[in-house]
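Okay, structure first, notes after.
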Amino acid sequence: MSQARTAIVTGSTSGIGLGIARAFAAQGMNLMLNGFGAPADIEKERQAIIDEFHVKALYSPADMTKPQEITEMVMMAHAQLGSLDVLVNNAGIQFVAPIEEFPPEKWDQILAINLSAAFHAMRVAVPMMKAQKFGRIINIASAHALVASPFKSAYVAAKHGIAGLTKTVALEVAEAGITVNAICPGYVMTPLVQKQIPDTAKARGITEAQVVHDVLLEAQPTKRFVTVEEIGALAVFLAGPMAASITGALLSVDGGWTAH
Ligand code: NAD
């Protein structure tokens, strides 16, 4: 098999994950959606994907901090979609505070969702992909997998961790028809970024408008936010047959941020 037909996208009720899910659906791929939110909103997004793209779109409410729920989600996707061709580990959260004020429970939660969840999903998905001699694993890392910013200790640690995890698993499955890559986006204006603006303003003692212009867009030489469509298009390419030799790569989509 060289054509991906089914995918799990974790954290696909919002932002980048939803953008990737919709990009996959546009290719005719059947999906397992996942993430939190108001049930009516999730159902609306799920139904919109079905109506617009005429694909299957299942939904799992699995909590990415709970290994058992992650296992069940992967097994359910495989059973109900008939295969598991693509796994996108995208769910993530952010918290911004100086190290001495960083709540230990936030550290644990960020490490669990942004890093350990990918381990738990991959360890169940890899045997399924090996059996079908095809698989694509795409971890949504960040520019913060490559460089740091102050006040984001847990996030930067988790994202650097996922970079190492991506490379390790890529080596392990390289001969099995499975690729493992990380996409490293710069700033995308999603709820995750919107929510951190007030805390960043507080931590740096500046206004929220200054955070957007002097912190977020300052990092990106293009001076514009990356779009979810740009991330979705790269995910589609990585899932496709022409990406068979791209593995163990950390692919920046960051408007030049990490070229500094
Ligand atoms: P978002 O807040 O819009 O979406 C996050 C998704 O994760 C939501 O669907 C949410 O329900 C889900 N989620 C959160 N906790 C969960 C849990 N415990 N179990 C299951 N699902 C959970 O954020 P986003 O910006 O779209 O972020 C998606 C990914 O992209 C994250 O890994 C983030 O670190 C990464 N990223 C974002 C940016 C950016 O600028 N927005 C930049 C680089 C990387």
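Residue names in the structure tokens use chain letters A, B, ... in the order shown, residue numbers from 1 in each chain, and ligand numbers from 1 in the order shown.
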Checklist entry - Skipping near chain neighbours, those fewer than 5 positions away, what residues fall within 10 Å of Ala112 (chain A) using only C-alpha atoms, listed as a list of chain:residue names? => result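 Result of the neighbour search: A:Met64, A:Thr65, A:Lys66, A:Pro67, A:Gly92, A:Ile93, A:Lys106, A:Trp107, A:Ala117, A:Ala118, A:Phe119, A:His120, A:Ala158.
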Checklist entry - Residues at most 7 Å from ligand 1, using only C-alpha atoms and all ligand atoms? Could they come as a ChimeraX atom specification? => result /A:10-17,34-37,61-65,90-94,113-114,140-143,184-193
Checklist entry - Hey, what's within 10 Å of Leu234 (chain A) if we count only C-alpha atoms and toss same-chain stuff fewer than 2 positions away? As a list in words, please? => result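 These residues fall inside the cut-off: Ile20, Ala23, Ile183, Glu229, Glu230, Ile231, Gly232, Val236, Phe237, Leu238, Ala239, Gly240, Leu251 and Val253 of chain A.
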Name the residues in contact with Ala201 (chain A) at a cut-off of 12 Å, using only C-alpha atoms, excluding same-chain residues fewer than 2 positions from it; report them as a short mmCIF file (atom, residue, chain, number, x, y, z; two decimals) with N, CA and C atoms, in the first residue's frame.
```cif
data_model
loop_
_atom_site.label_atom_id
_atom_site.label_comp_id
_atom_site.auth_asym_id
_atom_site.auth_seq_id
_atom_site.Cartn_x
_atom_site.Cartn_y
_atom_site.Cartn_z
N VAL A 96 2.43 29.62 30.55
CA VAL A 96 3.53 30.58 30.53
C VAL A 96 3.74 31.15 31.93
N ALA A 97 4.91 30.91 32.51
CA ALA A 97 5.24 31.49 33.82
C ALA A 97 6.74 31.31 34.06
N PHE A 151 10.07 31.56 29.95
CA PHE A 151 8.78 31.38 30.62
C PHE A 151 7.95 30.20 30.06
N GLN A 194 -3.83 32.46 21.48
CA GLN A 194 -4.64 33.55 22.03
C GLN A 194 -4.63 33.54 23.55
N LYS A 195 -4.71 32.31 24.14
CA LYS A 195 -4.80 32.20 25.60
C LYS A 195 -3.51 32.62 26.30
N GLN A 196 -2.35 32.50 25.61
CA GLN A 196 -1.09 32.79 26.30
C GLN A 196 -0.74 34.28 26.24
N ILE A 197 -1.48 35.05 25.45
CA ILE A 197 -1.12 36.47 25.29
C ILE A 197 -1.22 37.23 26.62
N PRO A 198 -2.32 37.11 27.39
CA PRO A 198 -2.38 37.84 28.66
C PRO A 198 -1.27 37.43 29.64
N ASP A 199 -0.96 36.12 29.73
CA ASP A 199 0.08 35.66 30.67
C ASP A 199 1.47 36.13 30.24
N ALA A 203 4.02 38.27 32.40
CA ALA A 203 5.38 37.80 32.69
C ALA A 203 6.43 38.79 32.20
N ARG A 204 6.16 39.50 31.09
CA ARG A 204 7.15 40.41 30.53
C ARG A 204 6.89 41.88 30.91
N GLY A 205 5.71 42.15 31.56
CA GLY A 205 5.39 43.52 31.94
C GLY A 205 5.14 44.44 30.75
N ILE A 206 4.45 43.90 29.73
CA ILE A 206 4.11 44.70 28.54
C ILE A 206 2.63 44.52 28.22
N THR A 207 2.12 45.29 27.23
CA THR A 207 0.70 45.17 26.89
C THR A 207 0.48 43.96 25.97
N GLU A 208 -0.82 43.59 25.84
CA GLU A 208 -1.13 42.45 24.98
C GLU A 208 -0.81 42.75 23.50
N ALA A 209 -1.04 44.01 23.09
CA ALA A 209 -0.71 44.38 21.70
C ALA A 209 0.79 44.26 21.47
N GLN A 210 1.57 44.64 22.51
CA GLN A 210 3.03 44.52 22.38
C GLN A 210 3.44 43.04 22.28
N VAL A 211 2.71 42.16 23.00
CA VAL A 211 3.04 40.73 22.91
C VAL A 211 2.92 40.27 21.46
N VAL A 212 1.81 40.66 20.79
CA VAL A 212 1.60 40.22 19.40
C VAL A 212 2.72 40.74 18.50
N HIS A 213 3.02 42.04 18.61
CA HIS A 213 3.97 42.63 17.66
C HIS A 213 5.42 42.45 18.06
N ASP A 214 5.71 42.57 19.38
CA ASP A 214 7.12 42.59 19.82
C ASP A 214 7.63 41.22 20.25
N VAL A 215 6.72 40.27 20.52
CA VAL A 215 7.17 38.94 20.96
C VAL A 215 6.83 37.90 19.88
N LEU A 216 5.53 37.79 19.55
CA LEU A 216 5.13 36.71 18.64
C LEU A 216 5.65 36.98 17.22
#
```
Next on the checklist: Run DSSP on the backbone and tell me which residues of region 3-246 of chain A come out as alpha helix (DSSP H); list them as number ranges by chain.
Outcome noted: A: 15-26, 39-53, 67-81, 104-111, 117-131, 153-172, 191-204, 208-210, 217-219, 228-239
Item to check | Residues near Ala57 (chain A), cut-off 9 Å, only C-alpha atoms, skip fewer than 5 positions along chain, as a list of chain:residue names | outcome: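 Using only C-alpha atoms, the neighbours found are A:Ala25, A:Asn30, A:Leu31, A:Met32, A:Leu33, A:Arg46, A:Gln47, A:Ile49, A:Ile50.
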Keeping N, CA, C and O atoms, export the residues of the selection given above as an mmCIF file, in the first residue's frame.
```cif
data_model
loop_
_atom_site.group_PDB
_atom_site.id
_atom_site.type_symbol
_atom_site.label_atom_id
_atom_site.label_comp_id
_atom_site.auth_asym_id
_atom_site.auth_seq_id
_atom_site.Cartn_x
_atom_site.Cartn_y
_atom_site.Cartn_z
ATOM 1 N N ALA A 25 -9.374 14.995 5.069
ATOM 2 C CA ALA A 25 -10.713 14.665 4.563
ATOM 3 C C ALA A 25 -10.854 15.103 3.109
ATOM 4 O O ALA A 25 -11.469 14.402 2.297
ATOM 5 N N ASN A 30 -10.560 8.740 5.661
ATOM 6 C CA ASN A 30 -11.485 8.551 6.778
ATOM 7 C C ASN A 30 -10.756 8.831 8.082
ATOM 8 O O ASN A 30 -9.574 8.510 8.222
ATOM 9 N N LEU A 31 -11.479 9.392 9.049
ATOM 10 C CA LEU A 31 -10.809 9.991 10.205
ATOM 11 C C LEU A 31 -11.329 9.516 11.549
ATOM 12 O O LEU A 31 -12.522 9.234 11.698
ATOM 13 N N MET A 32 -10.416 9.525 12.519
ATOM 14 C CA MET A 32 -10.785 9.502 13.933
ATOM 15 C C MET A 32 -10.409 10.871 14.495
ATOM 16 O O MET A 32 -9.223 11.218 14.557
ATOM 17 N N LEU A 33 -11.415 11.637 14.860
ATOM 18 C CA LEU A 33 -11.179 12.940 15.486
ATOM 19 C C LEU A 33 -11.054 12.741 16.991
ATOM 20 O O LEU A 33 -11.522 11.751 17.548
ATOM 21 N N ARG A 46 -17.678 17.710 13.172
ATOM 22 C CA ARG A 46 -17.641 16.334 12.642
ATOM 23 C C ARG A 46 -18.610 16.194 11.470
ATOM 24 O O ARG A 46 -18.256 15.688 10.412
ATOM 25 N N GLN A 47 -19.835 16.704 11.667
ATOM 26 C CA GLN A 47 -20.853 16.602 10.614
ATOM 27 C C GLN A 47 -20.459 17.429 9.385
ATOM 28 O O GLN A 47 -20.697 17.020 8.251
ATOM 29 N N ILE A 49 -17.475 17.939 8.283
ATOM 30 C CA ILE A 49 -16.465 17.163 7.534
ATOM 31 C C ILE A 49 -17.151 16.081 6.704
ATOM 32 O O ILE A 49 -16.859 15.895 5.525
ATOM 33 N N ILE A 50 -18.113 15.384 7.320
ATOM 34 C CA ILE A 50 -18.836 14.313 6.614
ATOM 35 C C ILE A 50 -19.598 14.893 5.410
ATOM 36 O O ILE A 50 -19.516 14.378 4.294
#
```
Checklist entry - Of the candidates A:Ile162, A:Leu146, A:Val86, A:Val74, which one gets nearest to Asp254 (chain A) if we count only C-alpha atoms? => result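 Looking at the shortest contact to Asp254 (chain A), the residue is A:Leu146.
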Next on the checklist: What does the structure give for the distance between CA of Met129 (chain A) and CA of Arg22 (chain A), in Å to one decimal?
Outcome noted: 22.4 Å
Checklist entry - Between A:Ala131, A:Val147, A:Val228, A:Ala40, which has the minimum distance to His160 (chain A) (counting only C-alpha atoms)? => result A:Val147
Checklist entry - If you run DSSP on this backbone, which residues of region 92-185 of chain A come out as strand (DSSP E), and could you give them as a list in words? => result Gly135, Arg136, Ile137, Ile138, Asn139, Ile140, Ile178, Thr179, Val180, Asn181, Ala182, Ile183, Cys184 and Pro185 of chain A
Let me see the file: selected residues, all heavy atoms, as an mmCIF file, in the first residue's frame.
```
data_model
loop_
_atom_site.group_PDB
_atom_site.id
_atom_site.type_symbol
_atom_site.label_atom_id
_atom_site.label_comp_id
_atom_site.auth_asym_id
_atom_site.auth_seq_id
_atom_site.Cartn_x
_atom_site.Cartn_y
_atom_site.Cartn_z
ATOM 1 N N GLY A 135 2.888 3.055 7.047
ATOM 2 C CA GLY A 135 2.426 3.939 8.113
ATOM 3 C C GLY A 135 3.088 5.296 8.014
ATOM 4 O O GLY A 135 4.199 5.430 7.500
ATOM 5 N N ARG A 136 2.380 6.276 8.490
ATOM 6 C CA ARG A 136 2.909 7.638 8.531
ATOM 7 C C ARG A 136 2.596 8.195 9.918
ATOM 8 O O ARG A 136 1.421 8.296 10.292
ATOM 9 C CB ARG A 136 2.207 8.518 7.491
ATOM 10 C CG ARG A 136 2.445 8.084 6.048
ATOM 11 C CD ARG A 136 3.824 8.536 5.619
ATOM 12 N NE ARG A 136 4.008 8.451 4.198
ATOM 13 C CZ ARG A 136 4.646 7.457 3.585
ATOM 14 N NH1 ARG A 136 5.124 6.437 4.278
ATOM 15 N NH2 ARG A 136 4.814 7.483 2.287
ATOM 16 N N ILE A 137 3.643 8.558 10.646
ATOM 17 C CA ILE A 137 3.432 9.193 11.953
ATOM 18 C C ILE A 137 3.930 10.624 11.850
ATOM 19 O O ILE A 137 5.063 10.878 11.398
ATOM 20 C CB ILE A 137 4.157 8.414 13.070
ATOM 21 C CG1 ILE A 137 3.566 6.997 13.169
ATOM 22 C CG2 ILE A 137 4.036 9.167 14.398
ATOM 23 C CD1 ILE A 137 4.290 6.069 14.137
ATOM 24 N N ILE A 138 3.069 11.547 12.208
ATOM 25 C CA ILE A 138 3.407 12.976 12.125
ATOM 26 C C ILE A 138 3.193 13.584 13.510
ATOM 27 O O ILE A 138 2.067 13.596 14.029
ATOM 28 C CB ILE A 138 2.504 13.689 11.084
ATOM 29 C CG1 ILE A 138 2.644 13.024 9.702
ATOM 30 C CG2 ILE A 138 2.871 15.181 11.015
ATOM 31 C CD1 ILE A 138 1.621 13.505 8.672
ATOM 32 N N ASN A 139 4.277 14.029 14.108
ATOM 33 C CA ASN A 139 4.185 14.662 15.422
ATOM 34 C C ASN A 139 4.203 16.174 15.243
ATOM 35 O O ASN A 139 5.098 16.710 14.579
ATOM 36 C CB ASN A 139 5.361 14.213 16.295
ATOM 37 C CG ASN A 139 5.299 12.720 16.580
ATOM 38 O OD1 ASN A 139 4.213 12.176 16.790
ATOM 39 N ND2 ASN A 139 6.442 12.056 16.578
ATOM 40 N N ILE A 140 3.205 16.838 15.816
ATOM 41 C CA ILE A 140 3.195 18.292 15.704
ATOM 42 C C ILE A 140 4.032 18.830 16.856
ATOM 43 O O ILE A 140 3.585 18.868 18.015
ATOM 44 C CB ILE A 140 1.753 18.857 15.707
ATOM 45 C CG1 ILE A 140 0.927 18.211 14.585
ATOM 46 C CG2 ILE A 140 1.806 20.382 15.539
ATOM 47 C CD1 ILE A 140 1.508 18.307 13.174
ATOM 48 N N ILE A 178 7.310 2.589 7.327
ATOM 49 C CA ILE A 178 6.704 3.606 8.203
ATOM 50 C C ILE A 178 7.649 4.804 8.296
ATOM 51 O O ILE A 178 8.849 4.621 8.524
ATOM 52 C CB ILE A 178 6.468 3.043 9.624
ATOM 53 C CG1 ILE A 178 5.650 1.751 9.558
ATOM 54 C CG2 ILE A 178 5.792 4.079 10.512
ATOM 55 C CD1 ILE A 178 5.595 0.999 10.899
ATOM 56 N N THR A 179 7.116 5.995 8.116
ATOM 57 C CA THR A 179 7.928 7.193 8.347
ATOM 58 C C THR A 179 7.428 7.907 9.595
ATOM 59 O O THR A 179 6.244 7.831 9.945
ATOM 60 C CB THR A 179 7.889 8.171 7.154
ATOM 61 O OG1 THR A 179 6.564 8.701 7.027
ATOM 62 C CG2 THR A 179 8.316 7.488 5.859
ATOM 63 N N VAL A 180 8.359 8.570 10.271
ATOM 64 C CA VAL A 180 8.021 9.325 11.489
ATOM 65 C C VAL A 180 8.693 10.685 11.383
ATOM 66 O O VAL A 180 9.928 10.772 11.285
ATOM 67 C CB VAL A 180 8.531 8.605 12.760
ATOM 68 C CG1 VAL A 180 7.979 9.294 14.012
ATOM 69 C CG2 VAL A 180 8.164 7.134 12.758
ATOM 70 N N ASN A 181 7.890 11.732 11.356
ATOM 71 C CA ASN A 181 8.427 13.086 11.212
ATOM 72 C C ASN A 181 7.760 14.035 12.187
ATOM 73 O O ASN A 181 6.677 13.751 12.706
ATOM 74 C CB ASN A 181 8.186 13.589 9.781
ATOM 75 C CG ASN A 181 9.001 12.795 8.775
ATOM 76 O OD1 ASN A 181 10.215 12.908 8.730
ATOM 77 N ND2 ASN A 181 8.328 11.957 7.984
ATOM 78 N N ALA A 182 8.409 15.161 12.385
ATOM 79 C CA ALA A 182 7.798 16.216 13.202
ATOM 80 C C ALA A 182 7.658 17.472 12.355
ATOM 81 O O ALA A 182 8.575 17.841 11.620
ATOM 82 C CB ALA A 182 8.662 16.503 14.420
ATOM 83 N N ILE A 183 6.498 18.092 12.446
ATOM 84 C CA ILE A 183 6.310 19.421 11.861
ATOM 85 C C ILE A 183 6.538 20.431 12.988
ATOM 86 O O ILE A 183 6.010 20.264 14.100
ATOM 87 C CB ILE A 183 4.894 19.583 11.268
ATOM 88 C CG1 ILE A 183 4.690 18.590 10.107
ATOM 89 C CG2 ILE A 183 4.679 21.019 10.795
ATOM 90 C CD1 ILE A 183 3.296 18.645 9.466
ATOM 91 N N CYS A 184 7.334 21.434 12.703
ATOM 92 C CA CYS A 184 7.692 22.430 13.725
ATOM 93 C C CYS A 184 7.145 23.802 13.324
ATOM 94 O O CYS A 184 7.856 24.607 12.697
ATOM 95 C CB CYS A 184 9.212 22.495 13.877
ATOM 96 S SG CYS A 184 9.940 20.920 14.361
ATOM 97 N N PRO A 185 5.871 24.065 13.675
ATOM 98 C CA PRO A 185 5.288 25.343 13.270
ATOM 99 C C PRO A 185 5.828 26.503 14.100
ATOM 100 O O PRO A 185 6.172 26.335 15.282
ATOM 101 C CB PRO A 185 3.788 25.175 13.561
ATOM 102 C CG PRO A 185 3.575 23.717 13.841
ATOM 103 C CD PRO A 185 4.888 23.203 14.360
#
```
Checklist entry - What does the distance from CA of Trp257 (chain A) to CA of Ala219 (chain A) come to in Å, to one decimal? => result 5.5 Å
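Interatomic distance, CA of Ala79 (chain A) against CA of Ala21 (chain A): 19.0 Å.
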